[in-house]
file coords-v6.cif (mmCIF, C-alpha atoms)
data_run
loop_
_atom_site.group_PDB
_atom_site.id
_atom_site.type_symbol
_atom_site.label_atom_id
_atom_site.label_comp_id
_atom_site.auth_asym_id
_atom_site.auth_seq_id
_atom_site.Cartn_x
_atom_site.Cartn_y
_atom_site.Cartn_z
ATOM 1 C CA MET A 88 122.906 131.063 197.692
ATOM 2 C CA GLY A 89 122.201 134.374 195.934
ATOM 3 C CA LEU A 90 124.502 136.229 193.603
ATOM 4 C CA ALA A 91 125.354 138.863 196.204
ATOM 5 C CA GLU A 92 126.249 136.223 198.797
ATOM 6 C CA THR A 93 128.367 134.303 196.294
ATOM 7 C CA THR A 94 130.137 137.511 195.241
ATOM 8 C CA PHE A 95 130.820 138.353 198.841
ATOM 9 C CA ASP A 96 132.232 134.886 199.512
ATOM 10 C CA LYS A 97 134.542 135.206 196.541
ATOM 11 C CA ILE A 98 135.804 138.622 197.653
ATOM 12 C CA TYR A 99 136.144 137.211 201.177
ATOM 13 C CA ASP A 100 138.342 134.381 199.856
ATOM 14 C CA VAL A 101 140.560 136.860 197.990
ATOM 15 C CA LEU A 102 141.028 139.221 200.938
ATOM 16 C CA ASP A 103 141.244 136.538 203.602
ATOM 17 C CA GLY A 104 143.888 134.763 201.546
ATOM 18 C CA VAL A 105 146.238 137.733 201.741
ATOM 19 C CA SER A 106 145.332 138.924 205.227
ATOM 20 C CA ALA A 107 148.903 138.839 206.516
ATOM 21 C CA GLY A 108 149.230 141.817 208.816
ATOM 22 C CA TYR A 109 145.568 142.671 209.270
ATOM 23 C CA TYR A 110 142.406 141.141 210.726
ATOM 24 C CA TYR A 111 139.553 140.460 208.337
ATOM 25 C CA TYR A 112 135.857 140.690 209.212
ATOM 26 C CA PRO A 113 132.939 139.857 206.871
ATOM 27 C CA ARG A 114 130.840 142.884 207.930
ATOM 28 C CA HIS A 115 131.318 146.569 208.741
ATOM 29 C CA ASN A 116 129.521 146.605 212.101
ATOM 30 C CA VAL A 117 132.188 145.175 214.416
ATOM 31 C CA ALA A 118 132.495 146.166 218.076
ATOM 32 C CA ALA A 119 135.361 143.795 218.978
ATOM 33 C CA LEU A 120 137.533 145.164 216.187
ATOM 34 C CA LEU A 121 141.191 144.204 216.388
ATOM 35 C CA LEU A 122 143.460 146.541 214.457
ATOM 36 C CA PRO A 123 144.593 146.943 211.796
ATOM 37 C CA ALA A 124 141.542 145.464 210.119
ATOM 38 C CA VAL A 125 139.777 145.055 206.791
ATOM 39 C CA THR A 126 135.993 144.701 206.598
ATOM 40 C CA ALA A 127 133.748 144.101 203.605
ATOM 41 C CA GLU A 128 130.038 144.287 202.900
ATOM 42 C CA VAL A 129 127.805 144.106 199.818
ATOM 43 C CA VAL A 130 126.164 147.484 199.274
ATOM 44 C CA SER A 131 124.165 146.915 196.095
ATOM 45 C CA ASN A 132 123.105 144.225 193.639
ATOM 46 C CA VAL A 133 121.595 145.578 190.434
ATOM 47 C CA PRO A 134 120.259 143.215 187.739
ATOM 48 C CA VAL A 135 120.705 144.539 184.186
ATOM 49 C CA SER A 136 118.880 143.090 181.224
ATOM 50 C CA ASN A 137 120.784 143.131 177.973
ATOM 51 C CA GLU A 138 118.007 141.838 175.755
ATOM 52 C CA GLY A 139 118.123 143.391 172.332
ATOM 53 C CA ALA A 140 121.340 145.266 173.032
ATOM 54 C CA ILE A 141 123.406 143.043 170.791
ATOM 55 C CA GLU A 142 122.602 140.763 167.922
ATOM 56 C CA SER A 143 123.497 137.301 168.976
ATOM 57 C CA SER A 144 122.093 133.848 169.106
ATOM 58 C CA ASP A 145 122.508 134.089 172.879
ATOM 59 C CA LYS A 146 120.648 136.313 175.278
ATOM 60 C CA TRP A 147 122.527 137.470 178.319
ATOM 61 C CA ASP A 148 121.858 139.452 181.431
ATOM 62 C CA TYR A 149 124.236 140.527 184.103
ATOM 63 C CA HIS A 150 124.233 141.572 187.704
ATOM 64 C CA GLU A 151 126.330 144.484 188.893
ATOM 65 C CA ILE A 152 127.298 143.845 192.515
ATOM 66 C CA ALA A 153 129.110 146.500 194.559
ATOM 67 C CA VAL A 154 131.165 145.522 197.593
ATOM 68 C CA SER A 155 132.440 148.128 200.008
ATOM 69 C CA VAL A 156 135.899 147.286 201.377
ATOM 70 C CA ARG A 157 137.179 149.262 204.366
ATOM 71 C CA VAL A 158 140.575 149.499 206.000
ATOM 72 C CA HIS A 159 140.625 150.401 209.724
ATOM 73 C CA THR A 160 143.733 151.707 211.456
ATOM 74 C CA ASP A 161 142.404 153.228 214.694
ATOM 75 C CA TYR A 162 139.301 153.710 216.804
ATOM 76 C CA SER A 163 137.262 156.909 216.759
ATOM 77 C CA GLY A 164 139.023 159.495 218.878
ATOM 78 C CA GLY A 165 142.403 158.127 217.847
ATOM 79 C CA VAL A 166 144.805 159.181 215.124
ATOM 80 C CA GLN A 167 144.177 159.237 211.372
ATOM 81 C CA ASP A 168 147.194 157.377 209.976
ATOM 82 C CA VAL A 169 146.775 157.816 206.225
ATOM 83 C CA ASP A 170 150.167 156.197 205.524
ATOM 84 C CA ALA A 171 149.068 152.979 207.240
ATOM 85 C CA GLN A 172 145.685 153.145 205.480
ATOM 86 C CA THR A 173 147.420 153.536 202.121
ATOM 87 C CA ALA A 174 149.782 150.619 202.792
ATOM 88 C CA ILE A 175 146.967 148.218 203.695
ATOM 89 C CA MET A 176 144.741 149.467 200.864
ATOM 90 C CA ASP A 177 147.620 148.723 198.487
ATOM 91 C CA LEU A 178 147.611 145.118 199.752
ATOM 92 C CA VAL A 179 143.865 144.922 199.181
ATOM 93 C CA ILE A 180 144.012 146.360 195.655
ATOM 94 C CA THR A 181 146.972 144.171 194.706
ATOM 95 C CA ALA A 182 144.975 141.115 195.807
ATOM 96 C CA LEU A 183 141.958 142.263 193.771
ATOM 97 C CA ARG A 184 144.119 142.960 190.726
ATOM 98 C CA GLN A 185 145.551 139.443 190.901
ATOM 99 C CA ASN A 186 142.075 137.937 191.069
ATOM 100 C CA ILE A 187 140.110 139.783 188.399
ATOM 101 C CA ASP A 188 138.493 136.529 187.340
ATOM 102 C CA LEU A 189 136.703 135.251 190.421
ATOM 103 C CA GLY A 190 135.466 132.129 188.645
ATOM 104 C CA ASP A 191 131.980 130.847 187.781
ATOM 105 C CA GLY A 192 131.284 133.901 185.624
ATOM 106 C CA TYR A 193 132.065 136.446 188.344
ATOM 107 C CA ARG A 194 134.528 139.105 187.307
ATOM 108 C CA ILE A 195 135.895 142.198 189.052
ATOM 109 C CA ARG A 196 135.203 145.135 186.764
ATOM 110 C CA SER A 197 136.638 147.982 188.763
ATOM 111 C CA TRP A 198 137.601 149.360 192.119
ATOM 112 C CA GLY A 199 137.648 153.011 193.017
ATOM 113 C CA ASN A 200 135.876 155.826 194.857
ATOM 114 C CA GLU A 201 138.689 155.553 197.366
ATOM 115 C CA VAL A 202 138.390 157.708 200.448
ATOM 116 C CA TYR A 203 141.171 158.092 203.013
ATOM 117 C CA GLY A 204 140.987 159.644 206.457
ATOM 118 C CA ALA A 205 137.375 158.620 206.918
ATOM 119 C CA GLU A 206 135.426 157.857 210.089
ATOM 120 C CA PHE A 207 133.047 154.900 210.056
ATOM 121 C CA VAL A 208 129.992 154.942 212.304
ATOM 122 C CA GLU A 209 129.259 151.186 212.060
ATOM 123 C CA SER A 210 132.587 150.313 213.669
ATOM 124 C CA ALA A 211 133.475 153.612 215.396
ATOM 125 C CA SER A 212 136.809 153.574 213.654
ATOM 126 C CA LEU A 213 139.101 155.565 211.376
ATOM 127 C CA GLY A 214 140.326 154.379 208.003
ATOM 128 C CA ALA A 215 139.871 154.202 204.249
ATOM 129 C CA GLU A 216 137.288 152.754 201.892
ATOM 130 C CA THR A 217 137.068 151.562 198.314
ATOM 131 C CA LEU A 218 134.160 150.277 196.241
ATOM 132 C CA VAL A 219 134.678 147.056 194.280
ATOM 133 C CA ARG A 220 132.312 146.370 191.386
ATOM 134 C CA VAL A 221 131.775 142.775 190.326
ATOM 135 C CA ARG A 222 129.819 141.645 187.272
ATOM 136 C CA LYS A 223 128.131 138.278 187.007
ATOM 137 C CA ILE A 224 127.045 137.422 183.455
ATOM 138 C CA ILE A 225 124.145 135.038 182.960
ATOM 139 C CA LEU A 226 123.857 133.463 179.534
ATOM 140 C CA TYR A 227 120.685 132.063 178.070
ATOM 141 C CA THR A 228 120.729 129.980 174.914
ATOM 142 C CA GLN A 229 118.045 131.086 172.462
ATOM 143 C CA THR A 230 115.720 128.390 171.297
ATOM 144 C CA MET B 184 124.396 154.617 223.465
ATOM 145 C CA SER B 185 124.781 154.810 227.207
ATOM 146 C CA SER B 186 126.975 157.258 229.050
ATOM 147 C CA LYS B 187 127.711 157.982 232.658
ATOM 148 C CA ILE B 188 130.044 160.432 234.332
ATOM 149 C CA THR B 189 131.126 160.511 237.951
ATOM 150 C CA ARG B 190 132.942 163.424 239.550
ATOM 151 C CA TYR B 191 134.927 163.345 242.740
ATOM 152 C CA VAL B 192 135.600 166.266 245.025
ATOM 153 C CA LEU B 193 139.277 166.859 245.564
ATOM 154 C CA PRO B 194 140.192 167.951 249.103
ATOM 155 C CA VAL B 195 142.584 170.690 248.020
ATOM 156 C CA ASP B 196 141.837 172.859 251.027
ATOM 157 C CA GLN B 197 143.761 170.697 253.449
ATOM 158 C CA ALA B 198 146.079 172.704 255.651
ATOM 159 C CA GLU B 199 148.766 170.066 255.523
ATOM 160 C CA LEU B 200 148.864 168.574 252.072
ATOM 161 C CA ARG B 201 150.688 165.282 251.863
ATOM 162 C CA THR B 202 152.406 164.932 248.549
ATOM 163 C CA PRO B 203 152.488 163.439 246.092
ATOM 164 C CA TYR B 204 148.709 163.680 246.121
ATOM 165 C CA ILE B 205 147.097 161.579 243.399
ATOM 166 C CA GLY B 206 143.340 161.464 243.028
ATOM 167 C CA ILE B 207 140.706 160.702 240.426
ATOM 168 C CA VAL B 208 138.641 163.807 239.796
ATOM 169 C CA GLU B 209 136.391 162.498 237.075
ATOM 170 C CA THR B 210 135.449 159.250 235.389
ATOM 171 C CA GLY B 211 133.151 158.729 232.466
ATOM 172 C CA GLU B 212 132.113 155.739 230.416
ATOM 173 C CA ARG B 213 130.304 155.681 227.107
ATOM 174 C CA GLU B 214 129.390 153.012 224.628
ATOM 175 C CA GLN B 215 131.205 153.598 221.357
ATOM 176 C CA VAL B 216 129.655 150.901 219.162
ATOM 177 C CA ARG B 217 127.853 147.578 219.488
ATOM 178 C CA ASP B 218 127.080 144.616 217.279
ATOM 179 C CA ALA B 219 125.205 141.373 217.892
ATOM 180 C CA THR B 220 127.798 139.929 220.256
ATOM 181 C CA TYR B 221 129.993 142.717 221.646
ATOM 182 C CA ALA B 222 129.841 146.297 222.895
ATOM 183 C CA ARG B 223 132.878 148.575 222.809
ATOM 184 C CA TYR B 224 133.276 151.191 225.533
ATOM 185 C CA VAL B 225 135.442 154.225 226.163
ATOM 186 C CA LEU B 226 136.370 154.774 229.797
ATOM 187 C CA SER B 227 137.637 158.300 230.517
ATOM 188 C CA LEU B 228 139.730 158.950 233.602
ATOM 189 C CA SER B 229 141.056 162.260 234.847
ATOM 190 C CA TRP B 230 143.696 162.319 237.567
ATOM 191 C CA PHE B 231 144.787 165.277 239.604
ATOM 192 C CA ILE B 232 148.359 165.173 240.854
ATOM 193 C CA ILE B 233 149.857 167.612 243.341
ATOM 194 C CA VAL B 234 153.559 167.530 244.070
ATOM 195 C CA GLU B 235 155.968 169.429 246.251
ATOM 196 C CA ARG B 236 158.557 170.647 243.803
ATOM 197 C CA ALA B 237 161.572 170.266 246.044
ATOM 198 C CA VAL B 238 160.716 166.686 246.939
ATOM 199 C CA ASP B 239 158.740 165.007 244.170
ATOM 200 C CA ASP B 240 159.684 164.215 240.594
ATOM 201 C CA ILE B 241 156.484 164.964 238.704
ATOM 202 C CA GLN B 242 157.655 163.315 235.473
ATOM 203 C CA ASP B 243 158.530 160.145 237.338
ATOM 204 C CA ILE B 244 155.135 160.106 239.074
ATOM 205 C CA ILE B 245 153.278 160.634 235.783
ATOM 206 C CA ARG B 246 155.301 157.881 234.097
ATOM 207 C CA ASN B 247 154.623 155.405 236.904
ATOM 208 C CA LEU B 248 150.937 156.307 237.097
ATOM 209 C CA LYS B 249 150.535 155.823 233.356
ATOM 210 C CA LEU B 250 152.265 152.454 233.524
ATOM 211 C CA TYR B 251 150.042 151.437 236.426
ATOM 212 C CA ILE B 252 146.850 152.501 234.631
ATOM 213 C CA TYR B 253 147.885 150.802 231.404
ATOM 214 C CA SER B 254 148.951 147.513 232.953
ATOM 215 C CA ALA B 255 145.951 147.369 235.311
ATOM 216 C CA SER B 256 143.428 148.070 232.566
ATOM 217 C CA ILE B 257 145.031 145.578 230.194
ATOM 218 C CA ALA B 258 144.977 142.907 232.902
ATOM 219 C CA ASN B 259 141.540 143.640 234.339
ATOM 220 C CA MET B 260 139.566 145.059 231.424
ATOM 221 C CA ARG B 261 141.531 143.643 228.486
ATOM 222 C CA ALA B 262 141.977 147.193 227.254
ATOM 223 C CA VAL B 263 142.941 147.364 223.597
ATOM 224 C CA ARG B 264 143.867 151.007 223.135
ATOM 225 C CA PHE B 265 144.663 154.154 225.093
ATOM 226 C CA ILE B 266 143.790 157.392 223.385
ATOM 227 C CA GLY B 267 143.749 161.006 224.318
ATOM 228 C CA THR B 268 146.377 160.640 227.002
ATOM 229 C CA GLU B 269 147.157 164.197 227.906
ATOM 230 C CA ILE B 270 149.048 165.992 230.615
ATOM 231 C CA VAL B 271 147.732 169.446 231.408
ATOM 232 C CA HIS B 272 149.676 171.756 233.667
ATOM 233 C CA VAL B 273 147.065 173.349 235.881
ATOM 234 C CA GLU B 274 148.709 175.803 238.216
ATOM 235 C CA ASP B 275 151.420 176.541 240.685
ATOM 236 C CA LEU B 276 150.375 176.649 244.296
ATOM 237 C CA ASN B 277 151.712 178.391 247.353
ATOM 238 C CA GLU B 278 154.357 180.520 245.633
ATOM 239 C CA ASP B 279 155.570 177.682 243.454
ATOM 240 C CA ARG B 280 156.222 175.375 246.368
ATOM 241 C CA TYR B 281 153.589 172.992 245.005
ATOM 242 C CA GLY B 282 152.670 172.251 241.426
ATOM 243 C CA SER B 283 149.676 170.458 240.013
ATOM 244 C CA VAL B 284 148.868 168.699 236.767
ATOM 245 C CA ARG B 285 145.790 167.022 235.385
ATOM 246 C CA MET B 286 146.201 163.771 233.451
ATOM 247 C CA ASP B 287 143.442 162.611 231.095
ATOM 248 C CA VAL B 288 143.337 159.056 229.779
ATOM 249 C CA GLU B 289 140.809 157.271 227.592
ATOM 250 C CA ILE B 290 140.742 153.484 227.653
ATOM 251 C CA ILE B 291 139.023 151.442 224.956
ATOM 252 C CA TYR B 292 137.779 147.960 225.802
ATOM 253 C CA TRP B 293 134.921 145.676 224.900
ATOM 254 C CA GLU B 294 132.665 143.172 226.594
ATOM 255 C CA SER B 295 130.726 140.201 225.325
ATOM 256 C CA LEU B 296 126.935 140.647 225.259
ATOM 257 C CA THR B 297 126.249 136.930 225.247
#

call {"tool": "encode", "arguments": {"input": "coords-v6.cif", "output": "structure tokens"}}
result
Amino acid sequence: MGLAETTFDKIYDVLDGVSAGYYYYPRHNVAALLLPAVTAEVVSNVPVSNEGAIESSDKWDYHEIAVSVRVHTDYSGGVQDVDAQTAIMDLVITALRQNIDLGDGYRIRSWGNEVYGAEFVESASLGAETLVRVRKIILYTQT
Amino acid sequence: MSSKITRYVLPVDQAELRTPYIGIVETGEREQVRDATYARYVLSLSWFIIVERAVDDIQDIIRNLKLYIYSASIANMRAVRFIGTEIVHVEDLNEDRYGSVRMDVEIIYWESLT
């Protein structure tokens, strides 16, 4: 399993574990979307080499993995309920905050770029979105 | 995305109009989104209602029609959401003896593709 897939599974576990009050889907493109819903999808996975950046007996690289998390409160053509979007997004962010360390070297670094009152083409729905950045550090022992 | 619209001709030129007259004047269906296993559709319905003011309770007719549409579409189409429900007063007819309204409803439902 790749780093992006593992990251996604870890975020899935966090959000699915607190999904009281909303439906959770592991992709953005959902036609049979029951509301209110939360969907998530990996949007980028960037490897970063840190060789030579620090003086250490260890060499380490990391991967910066971005996961888009969306909250859906109505279908396109319906009503933008920013209060409901904010309430569910608060649940999502609280869950992320309580699980900064995702285990196995995966760590949530930040969440942000929040947008409310958005319309999503992939699900024909209205809601909010945030971008969660996860870092996976890979250590190599110098020989 | 597929879309189809059907229009019906309303026989408003009848000499003796029996009220309350309730008829569909337009239906339309469009695909809103699809994934690997489901497609979600929006079914638009427009109803034309003519009432005789002294006899018919237009609010009661609208309320019952909405309930009928909602319950029928939930039972038969597993509708998940009604949006854009709107009552538009169209005109008074025959020196206010008759009144007419147009009721627009959008019904969201989905079907399995497998």

call {"tool": "atom_distance", "arguments": {"input": "coords-v6.cif", "atom1": "CA of Pro203 in chain B", "atom2": "CA of Leu228 in chain B"}}
result
18.4 Å

call {"tool": "interface_residues", "arguments": {"input": "coords-v6.cif", "of": "chain B", "to": "chain A", "cutoff": "8 Å", "atoms": "all atoms listed in the file", "output": "list of chain:residue names"}}
result
B:Gln215, B:Val216, B:Arg217, B:Asp218, B:Tyr221, B:Ala222, B:Arg223, B:Ile266, B:Gly267, B:Trp293

call {"tool": "write_last_selection", "arguments": {"input": "coords-v6.cif", "atoms": "C-alpha atoms", "output": "PDB file, keeping the file's coordinate frame"}}
result
ATOM      1  CA  GLN B 215     131.205 153.598 221.357  1.00  0.00           C
ATOM      2  CA  VAL B 216     129.655 150.901 219.162  1.00  0.00           C
ATOM      3  CA  ARG B 217     127.853 147.578 219.488  1.00  0.00           C
ATOM      4  CA  ASP B 218     127.080 144.616 217.279  1.00  0.00           C
ATOM      5  CA  TYR B 221     129.993 142.717 221.646  1.00  0.00           C
ATOM      6  CA  ALA B 222     129.841 146.297 222.895  1.00  0.00           C
ATOM      7  CA  ARG B 223     132.878 148.575 222.809  1.00  0.00           C
ATOM      8  CA  ILE B 266     143.790 157.392 223.385  1.00  0.00           C
ATOM      9  CA  GLY B 267     143.749 161.006 224.318  1.00  0.00           C
ATOM     10  CA  TRP B 293     134.921 145.676 224.900  1.00  0.00           C
TER      11      TRP B 293
END

call {"tool": "residues_around", "arguments": {"input": "coords-v6.cif", "residues": "Val125 in chain A", "least_positions_apart": "6", "cutoff": "10 Å", "atoms": "all atoms listed in the file", "output": "list of chain:residue names"}}
result
A:Leu102, A:Asp103, A:Ser106, A:Tyr109, A:Tyr110, A:Tyr111, A:Tyr112, A:Pro113, A:Arg114, A:His115, A:Val156, A:Arg157, A:Val158, A:His159, A:Thr160, A:Ile175, A:Met176, A:Val179, A:Gly214, A:Ala215, A:Glu216

call {"tool": "residues_around", "arguments": {"input": "coords-v6.cif", "residues": "Met286 in chain B", "least_positions_apart": "5", "cutoff": "9 Å", "atoms": "only C-alpha atoms", "output": "ChimeraX atom specification"}}
result
/B:228-232,245,268-272

call {"tool": "resolve_selection", "arguments": {"input": "coords-v6.cif", "expression": "the PyMOL selection byres ((chain B and resi 296) around 8)", "output": "number ranges by chain"}}
result
B: 219-222, 294-295, 297

call {"tool": "atom_distance", "arguments": {"input": "coords-v6.cif", "atom1": "CA of Asp188 in chain A", "atom2": "CA of Val130 in chain A"}}
result
20.4 Å

call {"tool": "resolve_selection", "arguments": {"input": "coords-v6.cif", "expression": "the PyMOL selection byres ((chain A and resi 135) around 6)", "output": "short mmCIF file (atom, residue, chain, number, x, y, z; two decimals) with C-alpha atoms, in the coordinates of the input"}}
result
data_model
loop_
_atom_site.label_atom_id
_atom_site.label_comp_id
_atom_site.auth_asym_id
_atom_site.auth_seq_id
_atom_site.Cartn_x
_atom_site.Cartn_y
_atom_site.Cartn_z
CA PRO A 134 120.26 143.22 187.74
CA SER A 136 118.88 143.09 181.22
CA ASP A 148 121.86 139.45 181.43
CA TYR A 149 124.24 140.53 184.10
CA HIS A 150 124.23 141.57 187.70
#

call {"tool": "closest_residue", "arguments": {"input": "coords-v6.cif", "among": "B:Asn259, B:Thr202, B:Asn247, B:Thr210", "to": "Val225 in chain B", "atoms": "all atoms listed in the file"}}
result
B:Thr210

call {"tool": "atom_distance", "arguments": {"input": "coords-v6.cif", "atom1": "CA of Val238 in chain B", "atom2": "CA of Arg285 in chain B"}}
result
18.9 Å

call {"tool": "closest_residue", "arguments": {"input": "coords-v6.cif", "among": "A:Pro123, A:Ser155, A:Lys223, A:Trp198", "to": "Ala174 in chain A", "atoms": "all atoms listed in the file"}}
result
A:Pro123

call {"tool": "resolve_selection", "arguments": {"input": "coords-v6.cif", "expression": "the PyMOL selection byres ((chain A and resi 95-97) around 10)", "output": "PyMOL selection string"}}
result
chain A and resi 89-94+98-103+113+127-129+152-155+186+189-190+193+221

call {"tool": "closest_residue", "arguments": {"input": "coords-v6.cif", "among": "B:Ile291, B:Ile252, B:Ala237, B:Ala262", "to": "Asp279 in chain B", "atoms": "all atoms listed in the file"}}
result
B:Ala237

call {"tool": "axis_aligned_box", "arguments": {"input": "coords-v6.cif", "around": "range 110-116 of chain A", "padding_each_side": "3 Å", "output": "AutoDock Vina command-line options"}}
result
--center_x 136.0 --center_y 143.2 --center_z 209.5 --size_x 18.9 --size_y 12.7 --size_z 11.2
